[in-house]
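What follows is a set of notes on a single structure, which appears directly below.
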Amino acid sequence: IITQSYIFDIQTTLPVISLTTDPFNFFDEEYGMYVVGNNPDNPNYNQDWERPLHVELFEQAGKLGFSIDAGVKIYGAFSRRFAQKSLAIHTRAIYGPGELEYRLFPEMEIDKFESFILRNAGNDWIRTMFADALITNLYKNGEVEKQAYRPASIYLNGEYWGILNIREKNSKHFIASHNQIPANEIELLERDGLVIERNNDHYIRMMDFIVNSNISSQENYQYIKTQMDVANFINYYVIEIFSQNYDWPAKNNKYWRHATEIGRWKWLLYDTELGFGLTQIDAYQHETLLYMMDTTSTHWGNRPWSTLLFRRLLTNDDFVEEFASVFCDHLNSTFKSETVLQQIQEKSDLIAGEIDRHIARWNAIEDWDAAIERLERFAELRPDFMFEHIQDFFDYSNPVELTIEANMAEAGTIHLNTIKISEFPWSGKYFTENSLSVTAVPNYGYRFVGWHGLESTQPTVDFTLNEDTTVTALFEELPIVPFDIVINEINYNSAEDFDTGDWIELYNPNCIDKDISGWEFKDEDDSHVYTFTRGQIIPGRGFLVLCQAEEQFREHFPEADCSIGNFDFGLSGKGELLRLFDYKGVLIDSVKYDDEFPWAVEPDGMGATLSLLRFSMDNSLPQSWSASDSNGSPGVANFPEGNEEPELAINNLYASYPNPFNPKTTIPYQLAQESNVKLSVYNIKGQLVTTLVDQRQKKGFHSVIWTADKVSSGIYFIRLSIGDFTSVRKCLLLK
């Protein structure tokens with residue numbers, strides 16, 4: 001059977017999914033899984049039936065993304081009763097390929113799926129169609145797993161079927177793909193320890209300990225941290241409580257662990273669409289913290305067993321402080337009104353061009369704009385009410401305002417608790433009872449020198465607030481370049497009357513010391529290895545000479561106090577490849593020298609060494625090297641200008657590192673002044689592979705990481721364009 005779809009005159013900005021199946025599979029009164037059927041008390045759509053279908057996805061401009069045979073089930077609980085139903089797509093081997101190999105969500109690197117969902121937005125089907133995606137995707141820091149989201153325009157057997165949201169299915173395969181662990185090693189539970197995958201023995205033991213132990217004890221609390229991921233739990237509870245998810249925690253409550261001795265329980269964020277006031281007009285006022293302390297509740301979304309873990313953890317002072325601090329972090333960033341309003345706008349804009357056609361198809365949404373306004377009202381009012389609720393719940397003093405400044409806005413970032421701040425000034429509210437931690441992280445070309453307002457020169461400071469406070473990070477500019485260690489000088493064939501033995505010189509062009517413990521130096525033969533000892537340092541702007549015979553070297557260069565040795569293999573007099581690897585086995589630098597033109601020939605037994613003209617030059621090119629003026633310059637600059645810092649008032653594209661690479665290389669470059677920058681990569685045929693930068697940037701040093709996981713091995717050319725200035729560098733991808 002071959003299935004292909006032809007859909008004409010489509011006006012949509014969404015991906016298009018075409019579903020093809022025998023109508024008998026969906027709509028037959030006895031066999032069809034999409035209809036009520038002959039038994040209204042137990043409708044067909046409530047059965048766990050799976051039927052075959054064909055799925056095709058078309059990207060914009062009709063480009064086919066994928067076309068597969070698969071199985072389909074009706075998905076969801078309460079929302080099954082809606083006319084447009086959610087569908088779970090399963091790529092089982094009985095239909096075709098055992099998994100879908102396609103980047104279903106372009107923003108993620110995951111490109112293999114065992115299953116995925118076409119969701120009707122659940123309880124939000126009659127309101128906005130994007131509330132769950134909004135709430136779960138507000139959360140960015142990665143502590144809690146959440147399902148990716150992509151709305152699509154659906155056709156069923158050629159008939160327009162409205163909007164369905166492509167979502168990941170929160171199964172063991174979803175967890176495995178996000179955590180790089182085998183799916184069969186995952187324990188997955190829901191509600192009060194009900195088993196979805198493997199068993200609940202570990203969870204029951206943990207809960208028994210929590211119920212029967214004094215959790216205020218620091219020893220017991222530290223033990224709990226070995227059984228569950230407390231940071232994950234806090235972030236999960238914060239977003240559920242803030243959004244006032246009326247359908248939680250007694251429902252939509254799943255958690256998992258890697259079934260190893262050190263595996264800890266983590267919670268999944270999903271099905272949040274009954275939050276943000278979509279069912280309760282005044283939900284922004286709801287005191288959800290107090291609501292969760294009710295041990296007599298009979299509400300279907302809030303049973304005492306579902307809040308037991310949270311209530312027990314609240315008896316520990318450290319947990320309370322961490323919970324309150326993280327909540328304030330989110331209120332000052334994730335949940336800021338302007339941030340949430342922007343997300344609402346983006347989500348509504350995404351489907352605005354399609355929503356009228358969807359409404360006409362199903363006649364389910366009475367007033368889409370009014371439903372969105374309810375989300376916006378919650379976003380505007382909830383943060384202030386939440387600050388009040390935290391203050392009352394924990395009996396805190398009034399919050400005070402913290403302002404974070406940097407004397408040079410471009411010089412670095414500030415990490416405040418869990419928040420990364422890159423735009424200044426920044427301000428937020430915190431309670432005086434909670435301690436804060438702030439860390440200054442300088443960018444390339446700058447260094448941190450101290451704090452104004454904290455009276456400390458340490459980059460990380462813990463403190464508390466007593467009043468409104470301004471803290472300023474002080475940076476200073478450095479002529480630092482973003483390079484790693486370079487092979488800077490090579491002595492591969494000494495003169496008979498000045499025989500020092502073979503040696504190489506390494507140079508550290510950065511301002512700070514470099515620890516090369518465990519690094520390796522090799523020639524072309526992988527069995528020829530010298531491993532640098534623990535604690536081996538190359539000073540900032542300093543040198544290290546690695547000798548084949550250190551004692552022999554020192555006889556000729558007694559003033560070169562930066563030599564070490566010995567490596568037990570020689571360097572070829574006819575030229576060869578020299579390589580430097582870090583402790584992870586990543587290639588940092590390599591030089592394939594020769595003793596024939598266009599390489600300098602004087603180093604081949606005539607007394608000179610092969611010397612790099614300037615450390616920032618591409619040392620894979622013979623024109624970047626020259627013969628030394630005498631017998632070499634170990635421990636000092638090769639030439640008077642050779643190792644000086646590059647002028648900050650020039651444009652320059654430096655050699656990428658590592659090179660060769662797989663699959664990532666860092667591309668450093670320098671701007672003489674604020675400019676429009678374009679940094680692109682071309683293949684050996686001159687075809688554009690990717691554009692890494694196309695924007696206006698400030699003067700100074702910059703670097704970009706190119707991840708070349710989607711291209712084949714070979715030579716590539718990196719091109720930097722700044723106005724009339726153009727520079728090209730070569731790099732080699734080896735897979």
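Chain labels run A, B, ... following the order of the structure tokens; each chain numbers its residues from 1, and ligands are numbered from 1 in the order shown.
The shell of residues at most 12 Å from Lys420 in chain A, with only C-alpha atoms counted and near chain neighbours (fewer than 2 positions) removed, consists of Lys140, Asn141, Asp329, His330, Asn332, Ser333, Thr334, Ile404, Gly412, Thr413, Ile414, His415, Leu416, Asn417, Thr418, Ser422, Glu423, Phe424, Trp426, Ser437, Val438, Thr439, Ala440 and Val441 of chain A.
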Contacts of Phe717 in chain A within 8 Å, only C-alpha atoms, excl. fewer than 4 positions in-chain, as a list in words =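 Selected residues are Val681, Tyr682, Asn683, Ile684, Val728, Arg729, Lys730 and Cys731 of chain A.
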How close does range 17-96 of chain A get to range 5-13 of chain A? List, as CSV, each residue of range 17-96 of chain A within 8 Å, its nearest atom pair and the distance in Å to one decimal, counting only C-alpha atoms.
residue,atom,partner,partner_atom,distance
A:Ser18,CA,A:Ser5,CA,6.9
A:Glu56,CA,A:Ser5,CA,7.7
A:Gln60,CA,A:Thr13,CA,6.7
Residues at most 12 Å from Glu321 in chain A, counting only C-alpha atoms, excluding those fewer than 2 positions away in the same chain, as a count of residues only?
-> 24
Output as CSV one row per residue of range 580-612 of chain A within 12 Å of range 653-666 of chain A: the closest atom pair and its distance in Å to one decimal place, counting only C-alpha atoms, sorted by chain and residue number ascending.
residue,atom,partner,partner_atom,distance
A:Leu580,CA,A:Pro658,CA,9.7
A:Phe581,CA,A:Pro658,CA,9.3
A:Asp582,CA,A:Pro658,CA,10.2
A:Gly585,CA,A:Pro658,CA,11.1
A:Val586,CA,A:Pro658,CA,7.5
A:Leu587,CA,A:Pro658,CA,5.6
A:Ile588,CA,A:Pro658,CA,4.7
A:Asp589,CA,A:Pro658,CA,6.0
A:Ser590,CA,A:Asn659,CA,7.3
A:Val591,CA,A:Asn659,CA,9.9
A:Lys592,CA,A:Pro660,CA,11.7
Writing out the chosen residues with N, CA, C and O atoms as a PDB file, in the first residue's frame:
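Writing done, so here's again_28.pdb:
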ATOM      1  N   LEU A 580      47.981  18.014  20.062  1.00  0.00           N
ATOM      2  CA  LEU A 580      47.814  18.299  21.481  1.00  0.00           C
ATOM      3  C   LEU A 580      46.350  18.078  21.838  1.00  0.00           C
ATOM      4  O   LEU A 580      45.457  18.689  21.225  1.00  0.00           O
ATOM      5  N   PHE A 581      46.094  17.201  22.823  1.00  0.00           N
ATOM      6  CA  PHE A 581      44.746  16.856  23.246  1.00  0.00           C
ATOM      7  C   PHE A 581      44.534  17.273  24.698  1.00  0.00           C
ATOM      8  O   PHE A 581      45.455  17.190  25.508  1.00  0.00           O
ATOM      9  N   ASP A 582      43.293  17.682  25.032  1.00  0.00           N
ATOM     10  CA  ASP A 582      43.009  17.944  26.441  1.00  0.00           C
ATOM     11  C   ASP A 582      42.690  16.641  27.163  1.00  0.00           C
ATOM     12  O   ASP A 582      42.731  15.555  26.560  1.00  0.00           O
ATOM     13  N   GLY A 585      40.300  14.180  25.669  1.00  0.00           N
ATOM     14  CA  GLY A 585      40.607  13.638  24.351  1.00  0.00           C
ATOM     15  C   GLY A 585      40.218  14.556  23.218  1.00  0.00           C
ATOM     16  O   GLY A 585      40.246  14.152  22.048  1.00  0.00           O
ATOM     17  N   VAL A 586      39.856  15.804  23.526  1.00  0.00           N
ATOM     18  CA  VAL A 586      39.492  16.773  22.494  1.00  0.00           C
ATOM     19  C   VAL A 586      40.764  17.375  21.906  1.00  0.00           C
ATOM     20  O   VAL A 586      41.657  17.817  22.645  1.00  0.00           O
ATOM     21  N   LEU A 587      40.845  17.395  20.587  1.00  0.00           N
ATOM     22  CA  LEU A 587      42.015  17.954  19.925  1.00  0.00           C
ATOM     23  C   LEU A 587      42.027  19.470  20.101  1.00  0.00           C
ATOM     24  O   LEU A 587      41.117  20.172  19.678  1.00  0.00           O
ATOM     25  N   ILE A 588      43.083  19.994  20.738  1.00  0.00           N
ATOM     26  CA  ILE A 588      43.195  21.423  21.006  1.00  0.00           C
ATOM     27  C   ILE A 588      43.965  22.131  19.902  1.00  0.00           C
ATOM     28  O   ILE A 588      43.585  23.197  19.438  1.00  0.00           O
ATOM     29  N   ASP A 589      45.082  21.536  19.453  1.00  0.00           N
ATOM     30  CA  ASP A 589      45.881  22.149  18.390  1.00  0.00           C
ATOM     31  C   ASP A 589      46.642  21.056  17.669  1.00  0.00           C
ATOM     32  O   ASP A 589      46.935  19.989  18.238  1.00  0.00           O
ATOM     33  N   SER A 590      46.963  21.307  16.416  1.00  0.00           N
ATOM     34  CA  SER A 590      47.760  20.362  15.636  1.00  0.00           C
ATOM     35  C   SER A 590      48.539  21.126  14.575  1.00  0.00           C
ATOM     36  O   SER A 590      48.090  22.158  14.082  1.00  0.00           O
ATOM     37  N   VAL A 591      49.702  20.618  14.265  1.00  0.00           N
ATOM     38  CA  VAL A 591      50.556  21.194  13.221  1.00  0.00           C
ATOM     39  C   VAL A 591      51.132  20.048  12.404  1.00  0.00           C
ATOM     40  O   VAL A 591      51.733  19.125  12.972  1.00  0.00           O
ATOM     41  N   LYS A 592      50.959  20.095  11.093  1.00  0.00           N
ATOM     42  CA  LYS A 592      51.612  19.133  10.214  1.00  0.00           C
ATOM     43  C   LYS A 592      52.710  19.880   9.458  1.00  0.00           C
ATOM     44  O   LYS A 592      52.468  20.515   8.436  1.00  0.00           O
TER      45      LYS A 592
END
Which residues are near Glu524 in chain A? Cut-off 9 Å, only C-alpha atoms, ignore same chain within fewer than 5 positions. Put them as an mmCIF file with N, CA, C and O atoms, in the first residue's frame.
data_model
loop_
_atom_site.group_PDB
_atom_site.id
_atom_site.type_symbol
_atom_site.label_atom_id
_atom_site.label_comp_id
_atom_site.auth_asym_id
_atom_site.auth_seq_id
_atom_site.Cartn_x
_atom_site.Cartn_y
_atom_site.Cartn_z
ATOM 1 N N GLU A 576 56.082 15.808 10.019
ATOM 2 C CA GLU A 576 55.002 14.925 10.455
ATOM 3 C C GLU A 576 53.931 15.739 11.185
ATOM 4 O O GLU A 576 54.056 16.957 11.369
ATOM 5 N N LEU A 577 52.892 15.048 11.623
ATOM 6 C CA LEU A 577 51.772 15.673 12.330
ATOM 7 C C LEU A 577 52.024 15.635 13.830
ATOM 8 O O LEU A 577 52.285 14.574 14.397
ATOM 9 N N LEU A 578 51.947 16.786 14.486
ATOM 10 C CA LEU A 578 52.035 16.896 15.938
ATOM 11 C C LEU A 578 50.670 17.314 16.461
ATOM 12 O O LEU A 578 50.019 18.196 15.902
ATOM 13 N N ARG A 579 50.248 16.706 17.606
ATOM 14 C CA ARG A 579 48.889 16.942 18.106
ATOM 15 C C ARG A 579 48.901 17.150 19.611
ATOM 16 O O ARG A 579 49.671 16.503 20.333
#
Surrounding residues of range 82-98 of chain A excluding itself and chain neighbours under 5 positions, 9 Å, only C-alpha atoms, as a PyMOL selection string = chain A and resi 34-35+45+52-53+55+68-76+113-122+125+161-162+164-165+169+362+364
How would the residues just chosen look if you wrote them out with N, CA and C atoms as an mmCIF file, in the first residue's frame?
data_model
loop_
_atom_site.group_PDB
_atom_site.id
_atom_site.type_symbol
_atom_site.label_atom_id
_atom_site.label_comp_id
_atom_site.auth_asym_id
_atom_site.auth_seq_id
_atom_site.Cartn_x
_atom_site.Cartn_y
_atom_site.Cartn_z
ATOM 1 N N TYR A 34 -13.557 6.430 16.954
ATOM 2 C CA TYR A 34 -13.751 7.876 17.080
ATOM 3 C C TYR A 34 -15.183 8.240 17.455
ATOM 4 N N VAL A 35 -16.083 7.271 17.485
ATOM 5 C CA VAL A 35 -17.514 7.554 17.658
ATOM 6 C C VAL A 35 -18.032 6.944 18.963
ATOM 7 N N TYR A 45 -15.037 5.496 21.934
ATOM 8 C CA TYR A 45 -13.846 6.327 22.115
ATOM 9 C C TYR A 45 -13.235 6.190 23.507
ATOM 10 N N PRO A 52 -4.741 1.256 12.459
ATOM 11 C CA PRO A 52 -3.653 1.696 11.575
ATOM 12 C C PRO A 52 -4.030 2.983 10.831
ATOM 13 N N LEU A 53 -3.022 3.810 10.556
ATOM 14 C CA LEU A 53 -3.219 4.983 9.702
ATOM 15 C C LEU A 53 -1.888 5.399 9.124
ATOM 16 N N VAL A 55 0.548 8.770 8.300
ATOM 17 C CA VAL A 55 0.765 10.142 8.751
ATOM 18 C C VAL A 55 1.792 10.807 7.859
ATOM 19 N N ILE A 68 4.878 8.210 7.099
ATOM 20 C CA ILE A 68 5.041 6.905 7.734
ATOM 21 C C ILE A 68 3.695 6.226 7.966
ATOM 22 N N ASP A 69 3.733 4.903 8.029
ATOM 23 C CA ASP A 69 2.605 4.117 8.533
ATOM 24 C C ASP A 69 2.781 3.956 10.034
ATOM 25 N N ALA A 70 1.674 4.033 10.778
ATOM 26 C CA ALA A 70 1.759 3.976 12.238
ATOM 27 C C ALA A 70 0.437 3.466 12.797
ATOM 28 N N GLY A 71 0.393 3.368 14.127
ATOM 29 C CA GLY A 71 -0.842 3.049 14.824
ATOM 30 C C GLY A 71 -1.360 4.284 15.530
ATOM 31 N N VAL A 72 -2.674 4.327 15.795
ATOM 32 C CA VAL A 72 -3.264 5.493 16.439
ATOM 33 C C VAL A 72 -4.260 5.049 17.498
ATOM 34 N N LYS A 73 -4.265 5.784 18.620
ATOM 35 C CA LYS A 73 -5.242 5.568 19.677
ATOM 36 C C LYS A 73 -5.889 6.903 20.030
ATOM 37 N N ILE A 74 -7.107 6.848 20.557
ATOM 38 C CA ILE A 74 -7.698 8.041 21.151
ATOM 39 C C ILE A 74 -6.944 8.330 22.439
ATOM 40 N N TYR A 75 -6.626 9.608 22.674
ATOM 41 C CA TYR A 75 -5.785 9.995 23.801
ATOM 42 C C TYR A 75 -6.533 10.990 24.681
ATOM 43 N N GLY A 76 -6.235 10.947 25.978
ATOM 44 C CA GLY A 76 -6.831 11.899 26.909
ATOM 45 C C GLY A 76 -7.930 11.252 27.736
ATOM 46 N N PHE A 113 11.588 9.577 17.636
ATOM 47 C CA PHE A 113 10.403 9.500 18.477
ATOM 48 C C PHE A 113 9.746 8.136 18.308
ATOM 49 N N GLU A 114 9.410 7.520 19.448
ATOM 50 C CA GLU A 114 8.660 6.269 19.446
ATOM 51 C C GLU A 114 7.164 6.550 19.333
ATOM 52 N N SER A 115 6.761 7.732 19.816
ATOM 53 C CA SER A 115 5.357 8.138 19.757
ATOM 54 C C SER A 115 5.280 9.650 19.912
ATOM 55 N N PHE A 116 4.148 10.211 19.544
ATOM 56 C CA PHE A 116 3.871 11.619 19.807
ATOM 57 C C PHE A 116 2.358 11.807 19.825
ATOM 58 N N ILE A 117 1.943 12.983 20.296
ATOM 59 C CA ILE A 117 0.522 13.274 20.478
ATOM 60 C C ILE A 117 0.076 14.357 19.512
ATOM 61 N N LEU A 118 -1.107 14.206 18.975
ATOM 62 C CA LEU A 118 -1.830 15.302 18.322
ATOM 63 C C LEU A 118 -2.953 15.665 19.276
ATOM 64 N N ARG A 119 -2.728 16.705 20.087
ATOM 65 C CA ARG A 119 -3.613 16.995 21.222
ATOM 66 C C ARG A 119 -4.601 18.107 20.891
ATOM 67 N N ASN A 120 -5.834 17.910 21.346
ATOM 68 C CA ASN A 120 -6.886 18.909 21.106
ATOM 69 C C ASN A 120 -6.876 20.021 22.143
ATOM 70 N N ALA A 121 -5.783 20.150 22.907
ATOM 71 C CA ALA A 121 -5.618 21.151 23.974
ATOM 72 C C ALA A 121 -6.357 20.775 25.241
ATOM 73 N N GLY A 122 -6.892 19.553 25.313
ATOM 74 C CA GLY A 122 -7.540 19.091 26.545
ATOM 75 C C GLY A 122 -8.724 19.963 26.919
ATOM 76 N N TRP A 125 -9.860 23.126 24.932
ATOM 77 C CA TRP A 125 -10.343 23.033 23.550
ATOM 78 C C TRP A 125 -11.435 24.060 23.265
ATOM 79 N N TRP A 161 -9.545 19.221 9.405
ATOM 80 C CA TRP A 161 -9.887 18.697 10.721
ATOM 81 C C TRP A 161 -9.492 19.661 11.846
ATOM 82 N N GLY A 162 -9.149 20.895 11.496
ATOM 83 C CA GLY A 162 -8.863 21.896 12.508
ATOM 84 C C GLY A 162 -7.432 21.860 13.017
ATOM 85 N N LEU A 164 -4.654 20.802 15.765
ATOM 86 C CA LEU A 164 -4.246 19.928 16.860
ATOM 87 C C LEU A 164 -2.806 20.283 17.205
ATOM 88 N N ASN A 165 -2.462 20.147 18.458
ATOM 89 C CA ASN A 165 -1.121 20.506 18.925
ATOM 90 C C ASN A 165 -0.215 19.283 18.951
ATOM 91 N N LYS A 169 4.812 12.724 23.921
ATOM 92 C CA LYS A 169 4.030 11.861 24.803
ATOM 93 C C LYS A 169 4.873 11.553 26.038
ATOM 94 N N TRP A 362 -15.456 23.386 13.928
ATOM 95 C CA TRP A 362 -15.961 22.683 15.106
ATOM 96 C C TRP A 362 -16.996 23.473 15.910
ATOM 97 N N ALA A 364 -16.722 25.309 18.455
ATOM 98 C CA ALA A 364 -16.517 24.945 19.865
ATOM 99 C C ALA A 364 -16.134 26.138 20.729
#
Mind listing the helix (DSSP H, G or I) residues of range 204-394 of chain A, per DSSP on the backbone, as an MDAnalysis selection string?
-> chainID A and resid 204:212 218:227 230:243 283:285 288:291 304:313 317:331 337:362 368:394
Closest of A:Ile512, A:Leu274, A:Ile1, A:Ala549 to Asp568 in chain A - atom-to-atom distances counting only C-alpha atoms | A:Ala549
Quick one: residues within 7 Å of range 365-381 of chain A, only C-alpha atoms counted, chain neighbours fewer than 3 positions away excluded, as a list in words?
->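 The contact residues come out as Ile126, Arg127, Thr128, Phe276, Gly277, Leu278, Tyr284, Ser337, Val340, Leu341, Ile359, Asp384 and Phe385 of chain A.
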Go ahead and save the picked residues with N, CA and C atoms, as a PDB file, in the first residue's frame.
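What landed in part_7.pdb:
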ATOM      1  N   ILE A 126     -12.196  24.423  24.270  1.00  0.00           N
ATOM      2  CA  ILE A 126     -13.298  25.371  24.064  1.00  0.00           C
ATOM      3  C   ILE A 126     -12.886  26.802  24.408  1.00  0.00           C
ATOM      4  N   ARG A 127     -11.566  27.030  24.632  1.00  0.00           N
ATOM      5  CA  ARG A 127     -11.142  28.362  25.076  1.00  0.00           C
ATOM      6  C   ARG A 127     -10.041  28.935  24.173  1.00  0.00           C
ATOM      7  N   THR A 128      -8.752  28.651  24.474  1.00  0.00           N
ATOM      8  CA  THR A 128      -7.677  29.303  23.708  1.00  0.00           C
ATOM      9  C   THR A 128      -6.897  28.361  22.807  1.00  0.00           C
ATOM     10  N   PHE A 276      -4.271  29.285  35.300  1.00  0.00           N
ATOM     11  CA  PHE A 276      -4.304  30.638  34.741  1.00  0.00           C
ATOM     12  C   PHE A 276      -5.720  31.193  34.617  1.00  0.00           C
ATOM     13  N   GLY A 277      -6.621  30.721  35.477  1.00  0.00           N
ATOM     14  CA  GLY A 277      -7.938  31.336  35.554  1.00  0.00           C
ATOM     15  C   GLY A 277      -8.876  31.029  34.413  1.00  0.00           C
ATOM     16  N   LEU A 278      -8.601  29.970  33.648  1.00  0.00           N
ATOM     17  CA  LEU A 278      -9.486  29.678  32.516  1.00  0.00           C
ATOM     18  C   LEU A 278     -10.843  29.154  32.963  1.00  0.00           C
ATOM     19  N   TYR A 284      -6.692  34.399  40.086  1.00  0.00           N
ATOM     20  CA  TYR A 284      -5.457  35.086  40.438  1.00  0.00           C
ATOM     21  C   TYR A 284      -5.384  35.404  41.933  1.00  0.00           C
ATOM     22  N   SER A 337       4.893  39.901  34.801  1.00  0.00           N
ATOM     23  CA  SER A 337       3.726  40.145  33.947  1.00  0.00           C
ATOM     24  C   SER A 337       4.124  40.391  32.502  1.00  0.00           C
ATOM     25  N   VAL A 340       5.143  37.099  30.758  1.00  0.00           N
ATOM     26  CA  VAL A 340       4.024  36.201  30.453  1.00  0.00           C
ATOM     27  C   VAL A 340       3.138  36.798  29.359  1.00  0.00           C
ATOM     28  N   LEU A 341       2.899  38.092  29.403  1.00  0.00           N
ATOM     29  CA  LEU A 341       2.073  38.738  28.377  1.00  0.00           C
ATOM     30  C   LEU A 341       2.711  38.601  26.996  1.00  0.00           C
ATOM     31  N   ILE A 359     -12.511  27.319  14.248  1.00  0.00           N
ATOM     32  CA  ILE A 359     -13.795  27.571  14.916  1.00  0.00           C
ATOM     33  C   ILE A 359     -14.950  27.238  13.984  1.00  0.00           C
ATOM     34  N   ASP A 384       1.526  39.884  42.158  1.00  0.00           N
ATOM     35  CA  ASP A 384       1.390  40.657  43.400  1.00  0.00           C
ATOM     36  C   ASP A 384       0.631  39.871  44.461  1.00  0.00           C
ATOM     37  N   PHE A 385      -0.426  39.178  44.055  1.00  0.00           N
ATOM     38  CA  PHE A 385      -1.164  38.354  45.015  1.00  0.00           C
ATOM     39  C   PHE A 385      -0.276  37.227  45.543  1.00  0.00           C
TER      40      PHE A 385
END
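Take the candidates A:Thr296, A:Thr533, A:Asn123, A:Asn619 and check each one against Phe521 in chain A using only C-alpha atoms; the shortest distance goes to A:Thr533.
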